[in-house]
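So this one's structure_6.txt, compact mmCIF, C-alpha atoms:
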```
# COMPACT_ATOMS: atom_id res chain seq x y z
CA MET A 1 0.00 0.00 0.00
CA SER A 2 1.38 3.38 -1.02
CA ARG A 3 2.10 5.52 2.03
CA VAL A 4 2.18 9.28 2.49
CA ARG A 5 5.37 10.48 4.18
CA VAL A 6 6.98 13.62 5.55
CA HIS A 7 10.76 13.70 6.09
CA ASN A 8 13.33 16.03 7.60
CA PHE A 9 10.77 18.65 8.49
CA SER A 10 12.45 20.96 11.00
CA VAL A 11 10.63 23.16 13.48
CA SER A 12 11.85 25.51 16.18
CA LEU A 13 10.92 24.97 19.84
CA ASP A 14 8.08 27.39 19.34
CA GLY A 15 6.85 25.38 16.36
CA TYR A 16 7.87 27.50 13.39
CA GLY A 17 8.77 25.57 10.25
CA THR A 18 9.94 28.71 8.52
CA GLY A 19 10.71 32.25 9.57
CA GLU A 20 9.16 35.57 8.60
CA GLY A 21 10.05 37.45 5.42
CA GLN A 22 10.75 34.88 2.72
CA SER A 23 12.62 36.35 -0.25
CA LEU A 24 14.77 35.18 -3.14
CA ASP A 25 17.85 35.24 -0.91
CA THR A 26 16.14 33.90 2.21
CA PRO A 27 13.92 30.87 1.49
CA PHE A 28 13.40 30.44 5.27
CA GLY A 29 13.01 34.15 6.02
CA HIS A 30 14.69 35.43 9.18
CA ALA A 31 15.35 31.82 10.24
CA GLY A 32 18.16 31.72 7.70
CA GLY A 33 19.92 28.35 7.82
CA ARG A 34 19.24 27.73 11.49
CA LEU A 35 16.42 25.22 11.03
CA THR A 36 18.38 23.05 8.61
CA GLU A 37 21.92 23.40 9.95
CA TRP A 38 21.80 19.87 11.40
CA PHE A 39 21.17 18.63 7.85
CA PHE A 40 23.77 20.64 5.87
CA GLY A 41 26.75 18.56 6.97
CA THR A 42 25.21 15.17 6.20
CA ARG A 43 26.15 12.94 3.29
CA THR A 44 22.47 12.93 2.31
CA PHE A 45 22.34 16.71 1.87
CA ARG A 46 25.63 16.82 0.00
CA ALA A 47 24.44 14.07 -2.34
CA MET A 48 21.30 16.13 -3.04
CA GLN A 49 23.64 18.84 -4.26
CA GLY A 50 25.71 16.43 -6.36
CA LYS A 51 28.61 16.55 -3.91
CA ASP A 52 30.64 13.77 -2.29
CA GLY A 53 31.45 13.31 1.38
CA GLY A 54 29.58 14.49 4.46
CA ALA A 55 28.81 13.09 7.89
CA THR A 56 27.33 9.60 8.18
CA GLY A 57 26.09 9.54 11.77
CA ALA A 58 22.58 9.37 13.18
CA ASP A 59 21.38 12.64 11.61
CA ASP A 60 22.40 11.32 8.21
CA ALA A 61 20.84 7.91 8.79
CA LEU A 62 17.53 9.55 9.66
CA ALA A 63 17.72 12.13 6.88
CA GLY A 64 18.72 9.54 4.31
CA THR A 65 15.40 7.71 4.37
CA TRP A 66 13.68 10.64 2.67
CA GLY A 67 13.96 9.28 -0.88
CA ASP A 68 13.50 5.52 -0.49
CA GLY A 69 10.46 4.30 -2.37
CA ILE A 70 9.13 7.78 -3.15
CA GLY A 71 7.33 8.14 -6.49
CA ALA A 72 6.04 11.72 -6.26
CA GLU A 73 6.13 14.82 -4.04
CA ILE A 74 3.50 17.38 -3.16
CA MET A 75 4.70 20.79 -1.98
CA GLY A 76 3.16 24.14 -1.17
CA ARG A 77 3.83 27.07 -3.43
CA ASN A 78 6.03 28.85 -0.88
CA LYS A 79 8.40 25.90 -0.84
CA PHE A 80 8.65 26.23 -4.61
CA GLY A 81 9.45 29.94 -4.60
CA PRO A 82 9.07 33.38 -3.06
CA GLN A 83 6.49 34.84 -5.49
CA ARG A 84 2.93 35.42 -4.31
CA GLY A 85 -0.27 35.92 -6.34
CA PRO A 86 -0.47 35.48 -10.14
CA TRP A 87 2.80 34.39 -11.75
CA GLU A 88 4.51 37.42 -13.29
CA ASP A 89 6.44 35.15 -15.61
CA HIS A 90 7.23 31.46 -15.91
CA GLU A 91 10.99 31.86 -15.61
CA TRP A 92 11.16 30.72 -11.99
CA THR A 93 11.63 26.94 -11.76
CA GLY A 94 12.40 26.53 -8.05
CA TRP A 95 15.41 27.04 -5.77
CA TRP A 96 17.19 23.89 -6.88
CA GLY A 97 18.86 24.70 -10.22
CA PRO A 98 18.42 22.76 -13.47
CA ASN A 99 18.59 19.30 -11.84
CA PRO A 100 16.44 19.33 -8.68
CA PRO A 101 17.00 16.58 -6.09
CA PHE A 102 13.49 15.12 -6.40
CA HIS A 103 13.82 13.04 -9.60
CA THR A 104 10.06 12.36 -9.62
CA PRO A 105 6.91 14.28 -10.51
CA VAL A 106 6.38 17.15 -8.05
CA PHE A 107 2.93 18.67 -7.56
CA VAL A 108 3.02 22.32 -6.47
CA LEU A 109 -0.19 23.50 -4.79
CA THR A 110 -1.14 26.97 -6.00
CA HIS A 111 -4.29 28.94 -6.73
CA HIS A 112 -2.54 30.08 -9.94
CA PRO A 113 -1.88 27.06 -12.18
CA ARG A 114 0.68 27.31 -14.97
CA PRO A 115 2.12 24.85 -17.51
CA SER A 116 4.17 21.92 -16.24
CA VAL A 117 7.95 22.27 -16.31
CA GLU A 118 10.19 19.34 -17.09
CA MET A 119 13.61 19.62 -15.46
CA GLU A 120 16.75 17.54 -15.82
CA GLY A 121 17.06 14.29 -13.89
CA GLY A 122 13.43 13.20 -13.88
CA THR A 123 11.84 16.05 -11.90
CA THR A 124 8.71 17.53 -13.49
CA PHE A 125 6.83 20.31 -11.71
CA HIS A 126 3.06 20.25 -12.09
CA PHE A 127 0.92 23.09 -10.72
CA LEU A 128 -2.38 22.24 -9.10
CA ASP A 129 -5.23 24.21 -7.54
CA ALA A 130 -6.65 21.32 -5.53
CA THR A 131 -7.70 20.07 -2.09
CA PRO A 132 -5.22 17.86 -0.24
CA GLN A 133 -7.36 14.81 -1.13
CA GLU A 134 -7.45 15.65 -4.83
CA ALA A 135 -3.74 16.50 -4.95
CA LEU A 136 -2.96 13.20 -3.28
CA ARG A 137 -5.06 11.29 -5.79
CA ARG A 138 -3.11 12.90 -8.65
CA ALA A 139 0.24 12.31 -6.97
CA ARG A 140 -0.60 8.67 -6.27
CA GLU A 141 -1.45 8.10 -9.93
CA ALA A 142 1.87 9.64 -10.92
CA ALA A 143 3.81 7.66 -8.29
CA GLY A 144 2.99 4.32 -9.88
CA GLY A 145 2.40 2.46 -6.64
CA LEU A 146 5.29 4.07 -4.77
CA ASP A 147 4.95 6.37 -1.75
CA VAL A 148 4.11 10.07 -1.90
CA ARG A 149 6.15 12.62 0.04
CA ILE A 150 4.58 15.80 1.39
CA GLY A 151 7.49 18.21 1.12
CA GLY A 152 6.27 21.22 3.12
CA GLY A 153 6.05 24.04 4.01
CA PRO A 154 4.37 24.17 7.40
CA SER A 155 0.84 24.99 6.25
CA THR A 156 0.88 22.25 3.61
CA ILE A 157 1.97 19.66 6.16
CA ARG A 158 -0.57 20.95 8.67
CA GLN A 159 -3.39 20.63 6.13
CA PHE A 160 -2.45 17.05 5.24
CA LEU A 161 -2.10 16.13 8.93
CA ALA A 162 -5.43 17.74 9.81
CA ALA A 163 -7.06 15.75 6.98
CA ASP A 164 -5.44 12.58 8.41
CA LEU A 165 -3.65 11.85 5.14
CA ILE A 166 -0.14 11.33 6.57
CA ASP A 167 1.15 7.84 7.43
CA HIS A 168 4.70 8.73 8.46
CA LEU A 169 5.91 12.05 9.85
CA HIS A 170 9.57 12.70 10.58
CA LEU A 171 9.88 15.91 12.52
CA VAL A 172 13.09 17.52 13.75
CA ILE A 173 12.98 19.85 16.74
CA VAL A 174 15.74 22.42 16.65
CA PRO A 175 16.41 24.06 20.06
CA ILE A 176 15.98 27.66 18.93
CA VAL A 177 13.13 30.11 19.48
CA LEU A 178 12.18 31.84 16.21
CA GLY A 179 9.37 33.97 17.60
CA ARG A 180 7.70 34.57 14.22
CA GLY A 181 7.09 32.91 10.88
CA GLU A 182 4.79 30.09 9.91
CA ARG A 183 3.77 27.65 12.62
CA LEU A 184 3.18 23.97 12.09
CA TRP A 185 1.03 23.72 15.22
CA ASP A 186 -1.63 26.25 14.51
CA ASP A 187 -4.98 24.52 14.60
CA GLY A 188 -6.63 21.21 14.02
CA LEU A 189 -3.86 18.93 15.28
CA GLU A 190 -4.98 18.34 18.88
CA GLY A 191 -4.44 14.71 19.89
CA LEU A 192 -2.32 13.97 16.81
CA GLU A 193 -0.27 11.49 18.83
CA ASP A 194 -3.29 9.18 19.27
CA ARG A 195 -3.15 8.23 15.59
CA PHE A 196 0.54 7.30 15.59
CA GLU A 197 3.31 5.42 17.27
CA VAL A 198 5.73 8.12 18.37
CA GLU A 199 9.48 7.78 18.89
CA SER A 200 11.98 10.47 19.90
CA VAL A 201 15.75 10.58 19.81
CA THR A 202 18.21 13.41 20.38
CA THR A 203 21.37 13.28 18.27
CA PRO A 204 24.77 14.82 19.08
CA SER A 205 23.96 17.85 16.90
CA GLY A 206 21.42 18.79 19.58
CA VAL A 207 18.27 18.32 17.53
CA THR A 208 15.56 15.83 18.44
CA HIS A 209 14.12 13.59 15.75
CA LEU A 210 10.52 12.49 16.24
CA THR A 211 8.91 9.86 14.08
CA PHE A 212 5.14 9.50 13.99
CA THR A 213 4.23 6.23 12.29
CA ARG A 214 0.70 5.02 11.68
CA PRO A 215 0.43 1.58 13.32
CA MET B 1 25.97 33.97 43.48
CA SER B 2 22.32 33.06 43.92
CA ARG B 3 20.82 31.75 40.68
CA VAL B 4 17.26 31.72 39.39
CA ARG B 5 16.15 28.27 38.21
CA VAL B 6 13.25 26.53 36.54
CA HIS B 7 12.92 22.74 36.84
CA ASN B 8 10.73 19.99 35.43
CA PHE B 9 8.65 22.37 33.39
CA SER B 10 6.79 20.25 30.84
CA VAL B 11 5.39 21.51 27.56
CA SER B 12 3.59 19.79 24.71
CA LEU B 13 5.03 19.79 21.18
CA ASP B 14 2.84 22.77 20.44
CA GLY B 15 4.25 24.59 23.46
CA TYR B 16 1.42 24.40 25.99
CA GLY B 17 2.52 24.22 29.61
CA THR B 18 -1.02 23.63 30.78
CA GLY B 19 -4.32 22.77 29.11
CA GLU B 20 -7.57 24.66 28.89
CA GLY B 21 -10.20 24.62 31.64
CA GLN B 22 -8.38 24.49 34.97
CA SER B 23 -10.63 23.45 37.85
CA LEU B 24 -10.36 22.01 41.34
CA ASP B 25 -10.22 18.50 39.88
CA THR B 26 -8.06 19.34 36.87
CA PRO B 27 -5.07 21.54 37.78
CA PHE B 28 -3.77 21.12 34.20
CA GLY B 29 -7.17 21.48 32.52
CA HIS B 30 -7.87 19.15 29.60
CA ALA B 31 -4.18 18.10 29.60
CA GLY B 32 -4.95 15.96 32.65
CA GLY B 33 -1.82 14.09 33.74
CA ARG B 34 -0.33 13.84 30.26
CA LEU B 35 2.28 16.58 30.68
CA THR B 36 3.65 15.16 33.91
CA GLU B 37 3.25 11.42 33.37
CA TRP B 38 7.02 11.03 32.80
CA PHE B 39 7.49 12.44 36.32
CA PHE B 40 4.86 10.49 38.28
CA GLY B 41 6.81 7.24 38.42
CA THR B 42 10.09 8.78 39.60
CA ARG B 43 11.50 8.46 43.09
CA THR B 44 11.66 12.26 43.20
CA PHE B 45 7.93 12.66 42.69
CA ARG B 46 7.08 9.92 45.17
CA ALA B 47 9.34 11.52 47.76
CA MET B 48 7.51 14.83 47.25
CA GLN B 49 4.36 12.97 48.27
CA GLY B 50 6.04 11.36 51.29
CA LYS B 51 6.20 7.95 49.59
CA ASP B 52 9.05 5.47 49.18
CA GLY B 53 10.21 3.79 45.99
CA GLY B 54 9.91 4.88 42.39
CA ALA B 55 12.12 4.77 39.31
CA THR B 56 15.71 5.97 39.54
CA GLY B 57 16.68 6.32 35.87
CA ALA B 58 17.51 9.37 33.80
CA ASP B 59 14.12 11.06 34.24
CA ASP B 60 14.54 10.82 38.00
CA ALA B 61 18.13 12.05 37.91
CA LEU B 62 17.06 15.13 35.96
CA ALA B 63 13.93 15.72 38.01
CA GLY B 64 15.78 15.26 41.29
CA THR B 65 17.89 18.37 40.93
CA TRP B 66 14.83 20.59 41.47
CA GLY B 67 15.34 21.11 45.21
CA ASP B 68 19.13 21.29 45.63
CA GLY B 69 20.20 24.64 47.00
CA ILE B 70 16.79 26.27 46.62
CA GLY B 71 15.88 28.84 49.28
CA ALA B 72 12.58 30.20 47.92
CA GLU B 73 10.06 29.70 45.10
CA ILE B 74 8.03 32.16 43.07
CA MET B 75 4.86 30.86 41.41
CA GLY B 76 1.95 32.30 39.51
CA ARG B 77 -1.45 32.33 41.09
CA ASN B 78 -2.83 29.66 38.76
CA LYS B 79 -0.20 27.22 39.95
CA PHE B 80 -1.38 27.91 43.49
CA GLY B 81 -5.06 27.30 42.78
CA PRO B 82 -8.02 27.43 40.41
CA GLN B 83 -9.71 30.59 41.79
CA ARG B 84 -9.65 33.80 39.75
CA GLY B 85 -10.27 37.41 40.83
CA PRO B 86 -10.68 38.49 44.47
CA TRP B 87 -10.30 35.65 47.00
CA GLU B 88 -13.74 34.50 48.10
CA ASP B 89 -12.25 33.09 51.28
CA HIS B 90 -8.83 32.24 52.62
CA GLU B 91 -9.51 28.53 53.07
CA TRP B 92 -7.62 27.44 49.97
CA THR B 93 -3.96 26.77 50.75
CA GLY B 94 -2.83 25.12 47.51
CA TRP B 95 -3.11 21.69 45.90
CA TRP B 96 -0.47 20.08 48.10
CA GLY B 97 -2.16 19.30 51.44
CA PRO B 98 -0.95 20.42 54.87
CA ASN B 99 2.75 19.69 54.20
CA PRO B 100 3.63 21.02 50.71
CA PRO B 101 6.82 19.75 49.04
CA PHE B 102 8.52 23.17 48.90
CA HIS B 103 9.79 23.51 52.50
CA THR B 104 10.82 27.14 51.83
CA PRO B 105 9.08 30.50 51.53
CA VAL B 106 6.88 30.53 48.39
CA PHE B 107 5.86 33.83 46.80
CA VAL B 108 2.56 33.64 44.92
CA LEU B 109 2.11 36.40 42.34
CA THR B 110 -1.42 37.78 42.43
CA HIS B 111 -3.20 41.09 41.96
CA HIS B 112 -5.18 40.22 45.10
CA PRO B 113 -2.81 39.98 48.08
CA ARG B 114 -3.94 38.18 51.24
CA PRO B 115 -2.25 37.30 54.54
CA SER B 116 0.67 34.87 54.48
CA VAL B 117 -0.05 31.23 55.32
CA GLU B 118 2.39 29.12 57.27
CA MET B 119 2.14 25.42 56.43
CA GLU B 120 3.77 22.35 57.96
CA GLY B 121 7.33 21.46 56.98
CA GLY B 122 8.74 24.92 56.42
CA THR B 123 6.57 26.12 53.51
CA THR B 124 5.09 29.61 53.97
CA PHE B 125 2.95 31.11 51.20
CA HIS B 126 3.32 34.87 50.73
CA PHE B 127 1.08 36.74 48.31
CA LEU B 128 2.60 39.51 46.22
CA ASP B 129 1.32 41.98 43.64
CA ALA B 130 4.71 42.75 42.10
CA THR B 131 6.78 42.88 38.93
CA PRO B 132 9.10 39.92 38.26
CA GLN B 133 12.07 42.08 39.35
CA GLU B 134 10.43 43.09 42.63
CA ALA B 135 9.21 39.57 43.35
CA LEU B 136 12.71 38.25 42.75
CA ARG B 137 14.20 40.83 45.10
CA ARG B 138 11.82 39.68 47.84
CA ALA B 139 12.43 36.00 47.15
CA ARG B 140 16.21 36.49 47.19
CA GLU B 141 16.01 38.18 50.58
CA ALA B 142 13.99 35.27 51.90
CA ALA B 143 16.30 32.67 50.31
CA GLY B 144 19.28 33.70 52.44
CA GLY B 145 21.86 33.40 49.66
CA LEU B 146 20.42 30.20 48.19
CA ASP B 147 18.88 29.91 44.70
CA VAL B 148 15.34 30.94 43.77
CA ARG B 149 13.09 28.61 41.78
CA ILE B 150 10.46 29.94 39.39
CA GLY B 151 7.78 27.30 39.73
CA GLY B 152 5.41 28.11 36.85
CA GLY B 153 2.91 28.23 35.28
CA PRO B 154 3.69 29.10 31.67
CA SER B 155 2.99 32.81 31.79
CA THR B 156 5.06 33.30 34.94
CA ILE B 157 8.03 31.50 33.38
CA ARG B 158 7.58 33.43 30.14
CA GLN B 159 7.62 36.76 32.00
CA PHE B 160 10.80 35.90 33.89
CA LEU B 161 12.48 34.64 30.71
CA ALA B 162 11.45 37.73 28.75
CA ALA B 163 12.90 39.90 31.52
CA ASP B 164 16.14 37.84 31.30
CA LEU B 165 15.94 36.86 34.96
CA ILE B 166 16.41 33.09 34.52
CA ASP B 167 19.85 31.48 34.83
CA HIS B 168 18.87 27.82 34.42
CA LEU B 169 15.84 26.45 32.60
CA HIS B 170 15.01 22.76 32.58
CA LEU B 171 12.29 22.15 30.02
CA VAL B 172 10.68 18.80 29.20
CA ILE B 173 9.09 18.31 25.79
CA VAL B 174 6.30 15.76 25.87
CA PRO B 175 5.41 14.37 22.42
CA ILE B 176 1.70 15.22 22.51
CA VAL B 177 -0.26 17.97 20.79
CA LEU B 178 -2.57 19.73 23.26
CA GLY B 179 -4.05 22.23 20.82
CA ARG B 180 -5.23 24.69 23.49
CA GLY B 181 -4.30 26.01 26.90
CA GLU B 182 -1.55 28.35 28.00
CA ARG B 183 1.53 28.57 25.79
CA LEU B 184 5.04 29.10 27.04
CA TRP B 185 6.19 30.44 23.65
CA ASP B 186 3.85 33.30 23.14
CA ASP B 187 5.87 36.46 22.72
CA GLY B 188 9.12 38.04 23.66
CA LEU B 189 11.32 34.95 23.64
CA GLU B 190 12.82 35.14 20.13
CA GLY B 191 16.51 34.23 20.16
CA LEU B 192 16.33 32.87 23.73
CA GLU B 193 19.00 30.29 22.87
CA ASP B 194 21.62 33.03 22.34
CA ARG B 195 21.72 33.71 26.08
CA PHE B 196 22.25 30.09 27.12
CA GLU B 197 24.18 26.92 26.59
CA VAL B 198 21.56 24.43 25.46
CA GLU B 199 21.62 20.65 25.87
CA SER B 200 18.99 18.10 24.83
CA VAL B 201 18.48 14.46 25.73
CA THR B 202 15.63 12.07 25.06
CA THR B 203 14.96 9.51 27.78
CA PRO B 204 13.31 6.08 27.42
CA SER B 205 9.98 7.52 28.57
CA GLY B 206 9.92 9.38 25.24
CA VAL B 207 10.23 12.91 26.60
CA THR B 208 13.12 15.20 25.73
CA HIS B 209 14.83 17.15 28.48
CA LEU B 210 16.37 20.48 27.49
CA THR B 211 18.60 22.45 29.81
CA PHE B 212 19.31 26.09 29.13
CA THR B 213 22.20 27.25 31.33
CA ARG B 214 23.57 30.76 31.39
CA PRO B 215 27.30 30.50 30.59
```

Show me this structure written as structure tokens.
Amino acid sequence: MSRVRVHNFSVSLDGYGTGEGQSLDTPFGHAGGRLTEWFFGTRTFRAMQGKDGGATGADDALAGTWGDGIGAEIMGRNKFGPQRGPWEDHEWTGWWGPNPPFHTPVFVLTHHPRPSVEMEGGTTFHFLDATPQEALRRAREAAGGLDVRIGGGPSTIRQFLAADLIDHLHLVIVPIVLGRGERLWDDGLEGLEDRFEVESVTTPSGVTHLTFTRP
Amino acid sequence: MSRVRVHNFSVSLDGYGTGEGQSLDTPFGHAGGRLTEWFFGTRTFRAMQGKDGGATGADDALAGTWGDGIGAEIMGRNKFGPQRGPWEDHEWTGWWGPNPPFHTPVFVLTHHPRPSVEMEGGTTFHFLDATPQEALRRAREAAGGLDVRIGGGPSTIRQFLAADLIDHLHLVIVPIVLGRGERLWDDGLEGLEDRFEVESVTTPSGVTHLTFTRP
């Protein structure tokens, strides 16, 4: 059975999955690189950038499961880019350069659809104005029996969690207080833990990995 | 130098230090015992209730440091009891029975002062309408050179943190989503980690202990 998974989703102690003030130079707003610092040094992250080397400890082991058996991703528009409202042009094709690390179809949720974009390496961006349920149906078709990853940002993950569409959630708590930005824990998630088996582990980098797995 | 310390302060993943709907039967509102379950089985908690036995693992080791070298506590009124507004009578003397586990002067912050209450075992409740700074000055006098503990609840701890009056914060993250109640992380704590050395450890009970220590 195809599962729906979230991986490597980092939040601050106060629950922000991204900071305030996203721009072209600051995909995470005022959070900068602080939410993902634990991830930058890992072999998994370096491989996503086409680089060799990197740490192979517990952070990497946990991060490295993000791609196994994934056939499609769904992401919110703000993960795709900093523009808001109608697309001014179709030049923007994401933060990831010509060969994005996804290598599968990627469905970008937006109220402003535009033509699909085929990138190098197997990533194709499709743009959908759809409910979580409808987007998931489309992504599952495209995934050919493999799992679907929900890639973020915070409000996209929250919507899929609130609709009880997530089977596996890997959350990383970073011990910083961001104070502002976009919160994962806004509404509709009370009692989330009742639907999952929950495991926690702190790694030497100081972050705590939580996995919520549907029994 | 006398330090100001917080111990065993539990919050949910979404940052609530207590649930909604506090009453005589539910000091933590709809959270019930879920925030403090990790603590109930420890030798430290049992000793606070005058009982023998209990677990002596990592949770207990961390919890057990709460009383060492403490000469006074400051708590918010809602930790003391469920009444709001002017005191209807002076019968209520806290949730802890005739011999509370503090065994020091305890300063209860309230806009409605009332006469001090001397309990068995060395605990005396004093009632203060004061700023955090003024309350701390009074508690330090009473502590005779020992440390002062800020006992909670969430808004009291938040106020003392925002005023940069805390030297040691022991926080326990419980992997549940409460959805409503009183949040520790409301406002004024952005960048808190810059003022402290921060350590995290997950214990077998599934909670994660964080210690923030002023260098």

_Can you work out which residues from chain B touch chain A at a cut-off of 8 Å (counting only C-alpha atoms) and hand them back as a PyMOL selection string?_
chain B and resi 13-15+175-180+185-193+198-202+206-208

Counting only C-alpha atoms, find the residues whose atoms lie at most 8 Å from (10.5, 15.1, -8.3) (file coordinates) and write them out as an NGL selection string. :A and (71-73 or 100-106 or 122-125)

- Query: Counting all atoms listed in the file, what is within 10 Å of Pro27 in chain B, bar same-chain residues fewer than 5 positions away, as an MDAnalysis selection string?
  - Reply: chainID B and resid 18:22 32:33 78:82 95

* To do: Dump as a PyMOL selection string all residues having an atom at most 10 Å from (26.6, 12.1, 1.0), computed in the file's coordinates with all atoms listed in the file.
  => chain A and resi 41-56+60+64

Could I get range 23-93 of chain A from the block written as a JSON list (two decimals), in the first residue's frame, with C-alpha atoms?
```json
[["chain", "number", "residue", "atom", "x", "y", "z"],
["A", 23, "SER", "CA", 12.62, 36.35, -0.25],
["A", 24, "LEU", "CA", 14.77, 35.18, -3.14],
["A", 25, "ASP", "CA", 17.85, 35.24, -0.91],
["A", 26, "THR", "CA", 16.14, 33.90, 2.21],
["A", 27, "PRO", "CA", 13.92, 30.87, 1.49],
["A", 28, "PHE", "CA", 13.40, 30.44, 5.27],
["A", 29, "GLY", "CA", 13.01, 34.15, 6.02],
["A", 30, "HIS", "CA", 14.69, 35.43, 9.18],
["A", 31, "ALA", "CA", 15.35, 31.82, 10.24],
["A", 32, "GLY", "CA", 18.16, 31.72, 7.70],
["A", 33, "GLY", "CA", 19.92, 28.35, 7.82],
["A", 34, "ARG", "CA", 19.24, 27.73, 11.49],
["A", 35, "LEU", "CA", 16.42, 25.22, 11.03],
["A", 36, "THR", "CA", 18.38, 23.05, 8.61],
["A", 37, "GLU", "CA", 21.92, 23.40, 9.95],
["A", 38, "TRP", "CA", 21.80, 19.87, 11.40],
["A", 39, "PHE", "CA", 21.17, 18.63, 7.85],
["A", 40, "PHE", "CA", 23.77, 20.64, 5.87],
["A", 41, "GLY", "CA", 26.75, 18.56, 6.97],
["A", 42, "THR", "CA", 25.21, 15.17, 6.20],
["A", 43, "ARG", "CA", 26.15, 12.94, 3.29],
["A", 44, "THR", "CA", 22.47, 12.93, 2.31],
["A", 45, "PHE", "CA", 22.34, 16.71, 1.87],
["A", 46, "ARG", "CA", 25.63, 16.82, 0.00],
["A", 47, "ALA", "CA", 24.44, 14.07, -2.34],
["A", 48, "MET", "CA", 21.30, 16.13, -3.04],
["A", 49, "GLN", "CA", 23.64, 18.84, -4.26],
["A", 50, "GLY", "CA", 25.71, 16.43, -6.36],
["A", 51, "LYS", "CA", 28.61, 16.55, -3.91],
["A", 52, "ASP", "CA", 30.64, 13.77, -2.29],
["A", 53, "GLY", "CA", 31.45, 13.31, 1.38],
["A", 54, "GLY", "CA", 29.58, 14.49, 4.46],
["A", 55, "ALA", "CA", 28.81, 13.09, 7.89],
["A", 56, "THR", "CA", 27.33, 9.60, 8.18],
["A", 57, "GLY", "CA", 26.09, 9.54, 11.77],
["A", 58, "ALA", "CA", 22.58, 9.37, 13.18],
["A", 59, "ASP", "CA", 21.38, 12.64, 11.61],
["A", 60, "ASP", "CA", 22.40, 11.32, 8.21],
["A", 61, "ALA", "CA", 20.84, 7.91, 8.79],
["A", 62, "LEU", "CA", 17.53, 9.55, 9.66],
["A", 63, "ALA", "CA", 17.72, 12.13, 6.88],
["A", 64, "GLY", "CA", 18.72, 9.54, 4.31],
["A", 65, "THR", "CA", 15.40, 7.71, 4.37],
["A", 66, "TRP", "CA", 13.68, 10.64, 2.67],
["A", 67, "GLY", "CA", 13.96, 9.28, -0.88],
["A", 68, "ASP", "CA", 13.50, 5.52, -0.49],
["A", 69, "GLY", "CA", 10.46, 4.30, -2.37],
["A", 70, "ILE", "CA", 9.13, 7.78, -3.15],
["A", 71, "GLY", "CA", 7.33, 8.14, -6.49],
["A", 72, "ALA", "CA", 6.04, 11.72, -6.26],
["A", 73, "GLU", "CA", 6.13, 14.82, -4.04],
["A", 74, "ILE", "CA", 3.50, 17.38, -3.16],
["A", 75, "MET", "CA", 4.70, 20.79, -1.98],
["A", 76, "GLY", "CA", 3.16, 24.14, -1.17],
["A", 77, "ARG", "CA", 3.83, 27.07, -3.43],
["A", 78, "ASN", "CA", 6.03, 28.85, -0.88],
["A", 79, "LYS", "CA", 8.40, 25.90, -0.84],
["A", 80, "PHE", "CA", 8.65, 26.23, -4.61],
["A", 81, "GLY", "CA", 9.45, 29.94, -4.60],
["A", 82, "PRO", "CA", 9.07, 33.38, -3.06],
["A", 83, "GLN", "CA", 6.49, 34.84, -5.49],
["A", 84, "ARG", "CA", 2.93, 35.42, -4.31],
["A", 85, "GLY", "CA", -0.27, 35.92, -6.34],
["A", 86, "PRO", "CA", -0.47, 35.48, -10.14],
["A", 87, "TRP", "CA", 2.80, 34.39, -11.75],
["A", 88, "GLU", "CA", 4.51, 37.42, -13.29],
["A", 89, "ASP", "CA", 6.44, 35.15, -15.61],
["A", 90, "HIS", "CA", 7.23, 31.46, -15.91],
["A", 91, "GLU", "CA", 10.99, 31.86, -15.61],
["A", 92, "TRP", "CA", 11.16, 30.72, -11.99],
["A", 93, "THR", "CA", 11.63, 26.94, -11.76]]
```
